[in-house]
Every structure is written in structure tokens, then in C-alpha cells.
>>> print(open('query10.pdb').read())   # PDB, C-alpha atoms
ATOM      1  CA  MET W   1     -39.224  13.219 -48.965
ATOM      2  CA  VAL W   2     -38.601  13.983 -45.305
ATOM      3  CA  SER W   3     -35.641  16.309 -44.758
ATOM      4  CA  ILE W   4     -33.182  15.863 -41.926
ATOM      5  CA  THR W   5     -33.576  19.521 -40.953
ATOM      6  CA  ALA W   6     -37.340  19.108 -40.509
ATOM      7  CA  GLU W   7     -36.857  15.971 -38.409
ATOM      8  CA  LEU W   8     -34.233  17.595 -36.178
ATOM      9  CA  GLU W   9     -36.507  20.566 -35.576
ATOM     10  CA  LYS W  10     -38.922  18.204 -33.797
ATOM     11  CA  ALA W  11     -36.461  18.078 -30.907
ATOM     12  CA  LYS W  12     -37.428  21.705 -30.166
ATOM     13  CA  THR W  13     -34.127  22.403 -28.423
ATOM     14  CA  THR W  14     -33.756  25.907 -27.021
ATOM     15  CA  GLU W  15     -30.543  25.359 -25.052
ATOM     16  CA  GLU W  16     -27.001  24.556 -26.181
ATOM     17  CA  SER W  17     -26.362  20.832 -26.344
ATOM     18  CA  LEU W  18     -23.818  18.050 -26.158
ATOM     19  CA  ILE W  19     -24.906  15.232 -28.456
ATOM     20  CA  THR W  20     -23.934  11.829 -29.769
ATOM     21  CA  ILE W  21     -24.998  10.110 -32.997
ATOM     22  CA  GLY W  22     -25.609   6.496 -33.947
ATOM     23  CA  VAL W  23     -28.074   3.725 -34.662
ATOM     24  CA  PHE W  24     -27.753   2.375 -31.089
ATOM     25  CA  ASP W  25     -29.512  -0.859 -32.044
ATOM     26  CA  GLY W  26     -30.127  -2.906 -28.916
ATOM     27  CA  VAL W  27     -28.977  -0.077 -26.628
ATOM     28  CA  HIS W  28     -26.364  -2.444 -25.185
ATOM     29  CA  MET W  29     -23.916  -1.836 -22.348
ATOM     30  CA  GLY W  30     -21.479   0.019 -24.614
ATOM     31  CA  HIS W  31     -24.218   2.376 -25.786
ATOM     32  CA  ARG W  32     -25.364   2.872 -22.200
ATOM     33  CA  SER W  33     -21.829   3.712 -21.096
ATOM     34  CA  LEU W  34     -21.467   6.297 -23.870
ATOM     35  CA  ILE W  35     -24.835   7.933 -23.185
ATOM     36  CA  SER W  36     -24.274   7.963 -19.413
ATOM     37  CA  GLN W  37     -20.961   9.759 -19.923
ATOM     38  CA  LEU W  38     -22.696  12.145 -22.331
ATOM     39  CA  ILE W  39     -25.253  13.045 -19.663
ATOM     40  CA  SER W  40     -22.589  13.521 -16.997
ATOM     41  CA  GLN W  41     -20.369  15.739 -19.152
ATOM     42  CA  ALA W  42     -23.302  17.765 -20.420
ATOM     43  CA  LYS W  43     -24.346  18.579 -16.859
ATOM     44  CA  SER W  44     -20.791  19.569 -15.942
ATOM     45  CA  LYS W  45     -20.740  22.018 -18.877
ATOM     46  CA  SER W  46     -24.277  23.350 -18.278
ATOM     47  CA  LEU W  47     -25.434  21.856 -21.583
ATOM     48  CA  ILE W  48     -28.405  19.642 -22.336
ATOM     49  CA  SER W  49     -27.694  16.088 -23.488
ATOM     50  CA  GLY W  50     -29.097  14.745 -26.749
ATOM     51  CA  VAL W  51     -29.011  11.601 -28.866
ATOM     52  CA  VAL W  52     -29.505  11.611 -32.628
ATOM     53  CA  THR W  53     -30.422   8.126 -33.805
ATOM     54  CA  PHE W  54     -31.314   6.812 -37.247
ATOM     55  CA  SER W  55     -34.820   5.386 -37.498
ATOM     56  CA  ASN W  56     -33.619   3.110 -40.305
ATOM     57  CA  HIS W  57     -30.226   1.436 -40.619
ATOM     58  CA  PRO W  58     -27.824   3.394 -42.889
ATOM     59  CA  GLY W  59     -26.939   0.065 -44.526
ATOM     60  CA  THR W  60     -30.389  -0.025 -46.146
ATOM     61  CA  ILE W  61     -29.446   3.072 -48.177
ATOM     62  CA  ILE W  62     -25.734   2.489 -48.714
ATOM     63  CA  ASN W  63     -26.110  -1.165 -49.732
ATOM     64  CA  LYS W  64     -29.285  -2.114 -51.609
ATOM     65  CA  ASN W  65     -28.752  -5.799 -50.682
ATOM     66  CA  PHE W  66     -28.517  -5.056 -46.955
ATOM     67  CA  GLU W  67     -31.185  -6.750 -44.836
ATOM     68  CA  PRO W  68     -31.517  -5.267 -41.342
ATOM     69  CA  ASN W  69     -31.749  -7.600 -38.367
ATOM     70  CA  TYR W  70     -32.718  -5.286 -35.540
ATOM     71  CA  LEU W  71     -32.307  -6.199 -31.882
ATOM     72  CA  THR W  72     -34.955  -3.644 -30.939
ATOM     73  CA  SER W  73     -37.789  -1.892 -32.712
ATOM     74  CA  LEU W  74     -37.436   1.874 -33.117
ATOM     75  CA  GLN W  75     -40.096   2.441 -30.458
ATOM     76  CA  ASP W  76     -38.282   0.253 -27.926
ATOM     77  CA  ARG W  77     -34.911   1.760 -28.833
ATOM     78  CA  LEU W  78     -36.168   5.294 -28.175
ATOM     79  CA  LYS W  79     -37.706   4.203 -24.870
ATOM     80  CA  LEU W  80     -34.495   2.509 -23.715
ATOM     81  CA  ILE W  81     -32.417   5.592 -24.595
ATOM     82  CA  GLU W  82     -34.846   7.930 -22.838
ATOM     83  CA  GLU W  83     -34.757   5.754 -19.714
ATOM     84  CA  ILE W  84     -31.016   6.368 -19.351
ATOM     85  CA  GLY W  85     -31.875   9.998 -18.580
ATOM     86  CA  VAL W  86     -30.881  11.900 -21.703
ATOM     87  CA  ASP W  87     -32.599  15.293 -22.156
ATOM     88  CA  PHE W  88     -33.779  14.511 -25.671
ATOM     89  CA  VAL W  89     -33.557  11.826 -28.323
ATOM     90  CA  VAL W  90     -34.502  12.554 -31.906
ATOM     91  CA  PRO W  91     -34.836   9.913 -34.647
ATOM     92  CA  VAL W  92     -33.919  10.926 -38.194
ATOM     93  CA  THR W  93     -34.321   9.031 -41.442
ATOM     94  CA  PHE W  94     -31.094   8.027 -43.188
ATOM     95  CA  THR W  95     -31.815   8.993 -46.787
ATOM     96  CA  GLU W  96     -29.758   9.444 -49.967
ATOM     97  CA  GLU W  97     -29.604  13.124 -49.017
ATOM     98  CA  VAL W  98     -28.061  12.295 -45.633
ATOM     99  CA  ALA W  99     -25.712   9.715 -47.163
ATOM    100  CA  ASN W 100     -24.339  12.384 -49.499
ATOM    101  CA  LEU W 101     -23.736  15.015 -46.821
ATOM    102  CA  LYS W 102     -20.096  15.804 -46.095
ATOM    103  CA  ALA W 103     -19.145  15.633 -42.433
ATOM    104  CA  GLN W 104     -18.867  19.411 -42.077
ATOM    105  CA  GLU W 105     -22.293  19.832 -43.688
ATOM    106  CA  PHE W 106     -23.845  17.360 -41.250
ATOM    107  CA  THR W 107     -22.235  18.972 -38.210
ATOM    108  CA  LYS W 108     -23.318  22.437 -39.381
ATOM    109  CA  ILE W 109     -26.919  21.218 -39.550
ATOM    110  CA  LEU W 110     -26.560  19.837 -36.009
ATOM    111  CA  GLN W 111     -25.231  23.182 -34.849
ATOM    112  CA  ASN W 112     -28.067  25.094 -36.489
ATOM    113  CA  LYS W 113     -30.940  22.822 -35.459
ATOM    114  CA  LEU W 114     -29.785  21.433 -32.103
ATOM    115  CA  LYS W 115     -27.518  24.254 -30.883
ATOM    116  CA  MET W 116     -24.729  21.676 -30.727
ATOM    117  CA  LYS W 117     -21.683  22.878 -28.771
ATOM    118  CA  GLY W 118     -20.108  19.449 -28.393
ATOM    119  CA  LEU W 119     -20.123  16.056 -30.107
ATOM    120  CA  MET W 120     -19.230  12.906 -28.153
ATOM    121  CA  VAL W 121     -18.149   9.782 -30.049
ATOM    122  CA  GLY W 122     -16.415   6.453 -29.585
ATOM    123  CA  PRO W 123     -12.841   5.842 -30.858
ATOM    124  CA  ASP W 124     -13.941   4.169 -34.119
ATOM    125  CA  PHE W 125     -16.590   6.717 -35.056
ATOM    126  CA  GLN W 126     -16.784   7.897 -38.668
ATOM    127  CA  MET W 127     -19.277  10.108 -40.467
ATOM    128  CA  GLY W 128     -19.901  11.957 -43.701
ATOM    129  CA  LYS W 129     -20.202  10.817 -47.296
ATOM    130  CA  GLY W 130     -18.325   7.539 -47.704
ATOM    131  CA  ARG W 131     -17.404   7.707 -43.959
ATOM    132  CA  GLU W 132     -14.825  10.307 -44.928
ATOM    133  CA  ALA W 133     -14.311  11.869 -41.500
ATOM    134  CA  ASN W 134     -12.731   9.928 -38.640
ATOM    135  CA  VAL W 135     -12.228  11.220 -35.107
ATOM    136  CA  LYS W 136      -9.113  13.205 -35.972
ATOM    137  CA  LYS W 137     -10.770  14.952 -38.915
ATOM    138  CA  LEU W 138     -13.867  15.671 -36.828
ATOM    139  CA  GLU W 139     -11.670  17.339 -34.209
ATOM    140  CA  THR W 140     -10.380  19.692 -36.922
ATOM    141  CA  ILE W 141     -13.916  20.342 -38.205
ATOM    142  CA  GLY W 142     -14.989  21.144 -34.644
ATOM    143  CA  GLU W 143     -12.166  23.627 -34.190
ATOM    144  CA  ASN W 144     -13.151  25.369 -37.433
ATOM    145  CA  GLN W 145     -16.899  25.373 -36.771
ATOM    146  CA  GLY W 146     -16.925  26.133 -33.059
ATOM    147  CA  PHE W 147     -17.852  22.861 -31.385
ATOM    148  CA  LYS W 148     -15.728  20.513 -29.285
ATOM    149  CA  LEU W 149     -15.314  16.859 -30.188
ATOM    150  CA  THR W 150     -14.936  14.498 -27.232
ATOM    151  CA  LYS W 151     -13.657  10.975 -27.830
ATOM    152  CA  ILE W 152     -14.387   8.424 -25.132
ATOM    153  CA  ASN W 153     -13.728   4.750 -24.558
ATOM    154  CA  VAL W 154     -16.927   2.912 -23.736
ATOM    155  CA  LYS W 155     -17.299   0.357 -20.961
ATOM    156  CA  GLY W 156     -16.195  -3.156 -21.874
ATOM    157  CA  ILE W 157     -17.103  -6.582 -20.519
ATOM    158  CA  LYS W 158     -14.388  -9.128 -19.754
ATOM    159  CA  ASN W 159     -13.878 -11.614 -22.612
ATOM    160  CA  LEU W 160     -16.799 -10.152 -24.607
ATOM    161  CA  THR W 161     -16.885  -7.720 -27.514
ATOM    162  CA  VAL W 162     -19.535  -5.136 -26.736
ATOM    163  CA  ARG W 163     -21.173  -4.545 -30.114
ATOM    164  CA  SER W 164     -24.618  -5.027 -31.603
ATOM    165  CA  THR W 165     -23.113  -7.539 -34.046
ATOM    166  CA  SER W 166     -21.809  -9.541 -31.056
ATOM    167  CA  VAL W 167     -25.322  -9.766 -29.629
ATOM    168  CA  ARG W 168     -26.706 -10.953 -32.966
ATOM    169  CA  GLU W 169     -23.980 -13.572 -33.251
ATOM    170  CA  ALA W 170     -24.620 -14.810 -29.698
ATOM    171  CA  LEU W 171     -28.354 -15.134 -30.449
ATOM    172  CA  LYS W 172     -27.566 -16.889 -33.718
ATOM    173  CA  GLN W 173     -25.577 -19.460 -31.734
ATOM    174  CA  GLY W 174     -28.203 -19.778 -29.001
ATOM    175  CA  LYS W 175     -25.865 -18.203 -26.420
ATOM    176  CA  ILE W 176     -28.638 -16.389 -24.600
ATOM    177  CA  GLU W 177     -26.684 -15.686 -21.412
ATOM    178  CA  GLU W 178     -23.870 -14.094 -23.453
ATOM    179  CA  ALA W 179     -26.343 -11.854 -25.269
ATOM    180  CA  THR W 180     -27.821 -10.912 -21.886
ATOM    181  CA  GLU W 181     -24.394  -9.867 -20.579
ATOM    182  CA  ILE W 182     -23.716  -7.584 -23.542
ATOM    183  CA  LEU W 183     -27.199  -6.075 -23.570
ATOM    184  CA  GLY W 184     -27.366  -5.639 -19.798
ATOM    185  CA  ARG W 185     -30.878  -7.078 -19.969
ATOM    186  CA  ARG W 186     -32.575 -10.089 -21.518
ATOM    187  CA  HIS W 187     -33.207 -10.067 -25.258
ATOM    188  CA  SER W 188     -36.895  -9.709 -25.999
ATOM    189  CA  LEU W 189     -39.232  -9.398 -28.930
ATOM    190  CA  LYS W 190     -42.808  -8.309 -29.415
ATOM    191  CA  GLY W 191     -45.311  -9.764 -31.830
ATOM    192  CA  THR W 192     -48.972 -10.321 -32.473
ATOM    193  CA  ILE W 193     -50.493 -13.620 -31.333
ATOM    194  CA  VAL W 194     -52.003 -15.324 -34.393
ATOM    195  CA  LEU W 195     -53.741 -18.595 -35.204
ATOM    196  CA  GLY W 196     -51.372 -21.504 -35.721
ATOM    197  CA  GLU W 197     -51.822 -25.154 -36.633
ATOM    198  CA  LYS W 198     -53.337 -25.812 -33.164
ATOM    199  CA  ARG W 199     -51.072 -28.845 -33.010
ATOM    200  CA  GLY W 200     -49.810 -27.933 -29.543
ATOM    201  CA  ARG W 201     -53.341 -28.082 -28.181
ATOM    202  CA  ASP W 202     -53.711 -31.634 -29.489
ATOM    203  CA  LEU W 203     -50.457 -32.576 -27.772
ATOM    204  CA  GLY W 204     -51.589 -31.134 -24.449
ATOM    205  CA  PHE W 205     -49.434 -27.990 -24.761
ATOM    206  CA  PRO W 206     -51.484 -25.174 -26.334
ATOM    207  CA  THR W 207     -49.152 -22.489 -27.629
ATOM    208  CA  ALA W 208     -49.289 -18.781 -28.410
ATOM    209  CA  ASN W 209     -47.955 -18.251 -31.928
ATOM    210  CA  PHE W 210     -45.969 -15.044 -32.387
ATOM    211  CA  ASP W 211     -45.996 -13.096 -35.637
ATOM    212  CA  VAL W 212     -42.956 -10.804 -35.465
ATOM    213  CA  PRO W 213     -41.625  -8.310 -38.036
ATOM    214  CA  ALA W 214     -39.254  -9.910 -40.552
ATOM    215  CA  ASP W 215     -36.449  -7.456 -39.703
ATOM    216  CA  ILE W 216     -36.332  -8.318 -35.972
ATOM    217  CA  CYS W 217     -33.573 -10.611 -34.677
ATOM    218  CA  VAL W 218     -34.874 -13.983 -33.451
ATOM    219  CA  PRO W 219     -32.588 -16.490 -31.665
ATOM    220  CA  SER W 220     -31.520 -19.688 -33.415
ATOM    221  CA  ASN W 221     -33.876 -22.638 -33.725
ATOM    222  CA  GLY W 222     -34.351 -24.493 -30.462
ATOM    223  CA  ILE W 223     -36.325 -24.703 -27.235
ATOM    224  CA  TYR W 224     -36.006 -21.852 -24.717
ATOM    225  CA  ALA W 225     -36.967 -20.926 -21.189
ATOM    226  CA  THR W 226     -38.797 -17.618 -21.554
ATOM    227  CA  PHE W 227     -40.896 -15.072 -19.724
ATOM    228  CA  ILE W 228     -43.978 -13.665 -21.424
ATOM    229  CA  TYR W 229     -45.520 -10.343 -20.388
ATOM    230  CA  LEU W 230     -49.289  -9.928 -20.790
ATOM    231  CA  ASP W 231     -51.229  -6.942 -19.416
ATOM    232  CA  GLU W 232     -48.334  -6.038 -17.125
ATOM    233  CA  GLN W 233     -48.293  -9.607 -15.768
ATOM    234  CA  LYS W 234     -45.254 -11.872 -16.077
ATOM    235  CA  TYR W 235     -45.720 -15.587 -16.791
ATOM    236  CA  LEU W 236     -43.354 -18.549 -17.007
ATOM    237  CA  SER W 237     -43.188 -20.070 -20.478
ATOM    238  CA  ALA W 238     -41.300 -22.435 -22.760
ATOM    239  CA  THR W 239     -40.778 -21.345 -26.355
ATOM    240  CA  SER W 240     -40.041 -23.295 -29.517
ATOM    241  CA  VAL W 241     -38.299 -21.474 -32.361
ATOM    242  CA  GLY W 242     -38.064 -23.501 -35.552
ATOM    243  CA  THR W 243     -39.872 -25.493 -38.224
ATOM    244  CA  ASN W 244     -41.411 -28.382 -36.241
ATOM    245  CA  PRO W 245     -39.330 -31.084 -38.001
ATOM    246  CA  THR W 246     -41.316 -33.922 -36.389
ATOM    247  CA  PHE W 247     -44.262 -32.777 -38.512
ATOM    248  CA  ASN W 248     -42.125 -31.941 -41.580
ATOM    249  CA  GLY W 249     -42.730 -28.254 -41.126
ATOM    250  CA  LYS W 250     -41.240 -25.770 -43.585
ATOM    251  CA  GLN W 251     -42.086 -22.375 -42.161
ATOM    252  CA  ARG W 252     -40.147 -21.019 -39.179
ATOM    253  CA  THR W 253     -42.424 -20.261 -36.239
ATOM    254  CA  ILE W 254     -42.206 -18.942 -32.678
ATOM    255  CA  GLU W 255     -44.559 -20.884 -30.392
ATOM    256  CA  THR W 256     -44.835 -20.279 -26.663
ATOM    257  CA  TYR W 257     -46.433 -22.549 -24.091
ATOM    258  CA  ILE W 258     -47.523 -20.374 -21.155
ATOM    259  CA  MET W 259     -47.454 -22.288 -17.878
ATOM    260  CA  ASP W 260     -50.506 -22.296 -15.610
ATOM    261  CA  PHE W 261     -52.458 -20.181 -18.102
ATOM    262  CA  ALA W 262     -55.716 -20.774 -19.975
ATOM    263  CA  ARG W 263     -56.846 -17.481 -21.550
ATOM    264  CA  ASN W 264     -57.539 -16.707 -25.202
ATOM    265  CA  ILE W 265     -54.991 -14.051 -26.202
ATOM    266  CA  TYR W 266     -55.347 -13.986 -30.001
ATOM    267  CA  GLY W 267     -54.650 -10.511 -31.350
ATOM    268  CA  SER W 268     -52.712  -9.356 -28.284
ATOM    269  CA  GLN W 269     -49.101  -8.132 -28.554
ATOM    270  CA  PRO W 270     -47.140  -9.479 -25.590
ATOM    271  CA  LYS W 271     -43.418  -9.252 -24.967
ATOM    272  CA  LEU W 272     -41.365 -12.458 -24.996
ATOM    273  CA  GLU W 273     -38.115 -12.451 -23.017
ATOM    274  CA  PHE W 274     -35.435 -15.100 -23.598
ATOM    275  CA  VAL W 275     -33.689 -16.453 -20.492
ATOM    276  CA  SER W 276     -31.853 -19.633 -21.506
ATOM    277  CA  LYS W 277     -31.674 -22.192 -24.319
ATOM    278  CA  LEU W 278     -32.791 -25.663 -23.238
ATOM    279  CA  ARG W 279     -31.846 -27.693 -26.305
ATOM    280  CA  ASP W 280     -31.640 -27.747 -30.086
ATOM    281  CA  GLU W 281     -34.644 -28.477 -32.257
ATOM    282  CA  ILE W 282     -34.794 -32.175 -33.222
ATOM    283  CA  SER W 283     -37.141 -34.540 -35.034
ATOM    284  CA  PHE W 284     -38.815 -37.279 -32.962
ATOM    285  CA  ASP W 285     -39.669 -40.789 -34.163
ATOM    286  CA  SER W 286     -43.081 -40.798 -32.499
ATOM    287  CA  ILE W 287     -45.654 -38.442 -30.983
ATOM    288  CA  PRO W 288     -45.409 -40.080 -27.509
ATOM    289  CA  SER W 289     -41.644 -39.484 -27.427
ATOM    290  CA  LEU W 290     -42.219 -35.844 -28.445
ATOM    291  CA  ILE W 291     -44.793 -35.356 -25.673
ATOM    292  CA  GLU W 292     -42.446 -36.968 -23.143
ATOM    293  CA  GLN W 293     -39.683 -34.548 -24.147
ATOM    294  CA  MET W 294     -42.059 -31.577 -24.040
ATOM    295  CA  ASN W 295     -42.933 -32.462 -20.449
ATOM    296  CA  ARG W 296     -39.240 -32.525 -19.584
ATOM    297  CA  ASP W 297     -38.677 -29.210 -21.395
ATOM    298  CA  VAL W 298     -41.482 -27.487 -19.484
ATOM    299  CA  GLU W 299     -40.235 -28.705 -16.118
ATOM    300  CA  LYS W 300     -36.665 -27.713 -16.921
ATOM    301  CA  ALA W 301     -37.844 -24.295 -18.075
ATOM    302  CA  ARG W 302     -39.941 -23.891 -14.926
ATOM    303  CA  ASP W 303     -36.922 -24.672 -12.747
ATOM    304  CA  ILE W 304     -34.673 -22.203 -14.606
ATOM    305  CA  LEU W 305     -37.282 -19.445 -14.596
ATOM    306  CA  ASN W 306     -38.076 -19.810 -10.920
ATOM    307  CA  LYS W 307     -34.379 -19.186 -10.250
ATOM    308  CA  ASN W 308     -34.376 -16.126 -12.525
ATOM    309  CA  LYS W 309     -37.603 -14.360 -11.585
ATOM    310  CA  SER W 310     -35.998 -11.032 -10.730
ATOM    311  CA  PRO W 311     -35.663  -8.660 -13.704
ATOM    312  CA  ARG W 312     -32.266  -8.314 -15.325
ATOM    313  CA  ASN W 313     -31.164  -4.704 -14.790
ATOM    314  CA  HIS W 314     -28.864  -2.575 -16.934
ATOM    315  CA  ALA W 315     -26.082  -2.522 -14.324
TER     316      ALA W 315
END
>>> encode(input="query10.pdb", output="C-alpha cells")
Amino acid sequence: MVSITAELEKAKTTEESLITIGVFDGVHMGHRSLISQLISQAKSKSLISGVVTFSNHPGTIINKNFEPNYLTSLQDRLKLIEEIGVDFVVPVTFTEEVANLKAQEFTKILQNKLKMKGLMVGPDFQMGKGREANVKKLETIGENQGFKLTKINVKGIKNLTVRSTSVREALKQGKIEEATEILGRRHSLKGTIVLGEKRGRDLGFPTANFDVPADICVPSNGIYATFIYLDEQKYLSATSVGTNPTFNGKQRTIETYIMDFARNIYGSQPKLEFVSKLRDEISFDSIPSLIEQMNRDVEKARDILNKNKSPRNHA
């Protein structure tokens, strides 16, 4: 079994640090606000800034029935955190051992392995076995162990709750623009292009069929305007998420029609970026009526995407 001490040692920190801890799934605007403040305060105190993130969701250990629904893969999460400008980010595995650590035991490990002089957290932060230590208790632990706890309020967005669960709920409801606001960028997923039923080709709309990990969050069933990134190139696309009810489909699929594109990309692993939901998934009475609607969907998607070609930044 991997130990948390061995994983933390991989950070190879030689200077005193100010750190924060969390899953940071999605690395949304609230996370970005917290980490940006961490970096700023660390510099002002001549400390290095660090993020400790859990490579797996603690819920998978605490609750055996918990099924993760990640907004980002671990690889993408680490990249997004690093891009903010933090000095180091170290992923650790949340194990039974970690779950059973008391808060003061966890913080002592952080002091020993990361030279932690300060811990920065949000107002609702809790840690330790059974979430036994809230912010107030952590302040006392810090005073006793020689580190300073800093509580901050993260940046909010008017009329929106800035949480990972809020992003998942927005995607579940097909509210792509709302998810984009909370994330500060468009929601995306990566998957391997696999062979499908080849039905789209017969209809005049050949599609790339995405195979994505089961624990990655996919928007609700429907038709979407999307961008697809292949070999550093960005293409306009329209994506169907659902079961193809017109053909009595049972399995949920993600099928993307790439506009003005005719290459074989089986086996590649492109990124798919969701821009806007066009409509719900429906069953059509005839193939001609389905094709007619698909033509309308593609043109509507093209119009939306041409108006949204610039990348969505984290600002």
C-alpha cells in the first residue's frame, strides 16, 4: 500500500511552504481564487506555494457505495492547478490510513514532509478522522504545532453557487453556459475514438464515437454545439449524447459530427469541448425527418460556434 508520507516526499520541497488541501475537481473559479490568493500570500511571506490534492475522491473510501463523477481527470486537474502558477502540486491517495488520521497527525505529516509553515483553507473546510477538525479547531492545532492557519473567502459569481457539485448539476440539466461561468472555461472531456454502428455515415453525417471513462461527468442527453481538438487543431462539431431513440438504442453514446472534415481518426484521443445545448434528444417518426433535423442542428451549431471561436479564459 502506498503511504502518504512516501507520496508527499515526491514534492521534494526544500523551502518552507504555505499550502492548501482539497480534491479541487474541475478547478473552478472558487478553486482558482483560493489558489491565486495562496500564491500571493506565499510570496509576501517568502514561502513557496503548494497544493495537496487527492488523486481519488475521499468519498470512495468513506462510503463504499459512492460513485465518483469527476469533472476533470487527475492529469487535467494537475495541469490546470499548475497553470495557475503554484510552486508545486502533489497528488496523494486517500486511503483507509489517511481516513483514520486525526487532524493534528495529518498536519504534523505536512509539516515534516512539506515544511509547512501555513495552511490556507476556505470557511467550510474540515479535516481529520470523521471531519473532526473545523477551521476553529485547526487554528488551535496550528498554534500548538507552529503553523498559521489562514481562512479566506473565495471569489463568488452573482446568482451562482461556486462548487463542483453546482457544475455537475448544471451539466445534468444541460445548462452548459452556467457550467462555463462556474468553471471559468468550457467543460470538456477526452476519450478514445472507437468504432460505432456507422449509422451516421449512412445518414450523411459520419460521427466520431467517444469512449470516455465511466467516472467522468458527461452532460445530459441531447444535441450540443461543440469544439473538437485534434492534433492541436480546433474544429467545429455537433455532438449527440444519448441512446439514439429513433433506432431504439439502449446504450448511451457520445457521437460527434465534425464539420468540413473527412479523416479517419479511430484510436485517437481528442478533446471535446461543450459550448451550448441545441435541443433535447427525441425520437423521430421517419429517417427523412431525422436527417432534416440533423441538417438544422449542424447549421445552428455552426452559427453558435462561429460566434464563440475565441477560447474561454479563466478570468
>>> closest_residue(input="query10.pdb", among="W:His187, W:Thr107, W:Arg263, W:Ala6", to="Asn144 in chain W", atoms="all atoms listed in the file")
W:Thr107
>>> closest_residue(input="query10.pdb", among="W:Asn63, W:Asn295, W:Ser36, W:Thr161", to="Leu203 in chain W", atoms="only C-alpha atoms")
W:Asn295
>>> atom_distance(input="query10.pdb", atom1="CA of Thr5 in chain W", atom2="CA of Ile109 in chain W")
7.0 Å
>>> resolve_selection(input="query10.pdb", expression="the PyMOL selection byres ((chain W and resi 131) around 12)", output="list in words")
Pro58, Ile62, Val98, Ala99, Asn100, Leu101, Lys102, Ala103, Gln104, Phe106, Asp124, Phe125, Gln126, Met127, Gly128, Lys129, Gly130, Glu132, Ala133, Asn134, Val135, Lys137 and Leu138 of chain W
>>> resolve_selection(input="query10.pdb", expression="the PyMOL selection byres ((chain W and resi 18-20) around 6)", output="PyMOL selection string")
chain W and resi 17+21+42+49-51+116-120
>>> atom_distance(input="query10.pdb", atom1="CA of Lys64 in chain W", atom2="CA of Asn221 in chain W")
27.6 Å
>>> resolve_selection(input="query10.pdb", expression="the PyMOL selection byres ((chain W and resi 212) around 10)", output="ChimeraX atom specification")
/W:189-193,209-211,213-218,253-254,269
>>> closest_residue(input="query10.pdb", among="W:Tyr229, W:Phe54, W:Phe24, W:Phe94", to="Leu71 in chain W", atoms="all atoms listed in the file")
W:Phe24
>>> residues_around(input="query10.pdb", residues="Ile182 in chain W", least_positions_apart="4", cutoff="10 Å", atoms="all atoms listed in the file", output="count of residues only")
20
>>> residues_around(input="query10.pdb", residues="Thr13 in chain W", least_positions_apart="3", cutoff="8 Å", atoms="all atoms listed in the file", output="ChimeraX atom specification")
/W:9,16,113-115
>>> residues_around(input="query10.pdb", residues="range 276-278 of chain W", least_positions_apart="2", cutoff="9 Å", atoms="all atoms listed in the file", output="short mmCIF file (atom, residue, chain, number, x, y, z; two decimals) with C-alpha atoms, keeping the file's coordinate frame")
data_model
loop_
_atom_site.label_atom_id
_atom_site.label_comp_id
_atom_site.auth_asym_id
_atom_site.auth_seq_id
_atom_site.Cartn_x
_atom_site.Cartn_y
_atom_site.Cartn_z
CA GLY W 174 -28.20 -19.78 -29.00
CA LYS W 175 -25.86 -18.20 -26.42
CA ILE W 176 -28.64 -16.39 -24.60
CA GLU W 177 -26.68 -15.69 -21.41
CA GLY W 222 -34.35 -24.49 -30.46
CA ILE W 223 -36.33 -24.70 -27.24
CA TYR W 224 -36.01 -21.85 -24.72
CA ALA W 225 -36.97 -20.93 -21.19
CA THR W 226 -38.80 -17.62 -21.55
CA PHE W 274 -35.44 -15.10 -23.60
CA ASP W 280 -31.64 -27.75 -30.09
CA ASP W 297 -38.68 -29.21 -21.40
CA LYS W 300 -36.66 -27.71 -16.92
CA ALA W 301 -37.84 -24.30 -18.08
CA ILE W 304 -34.67 -22.20 -14.61
CA LEU W 305 -37.28 -19.44 -14.60
#
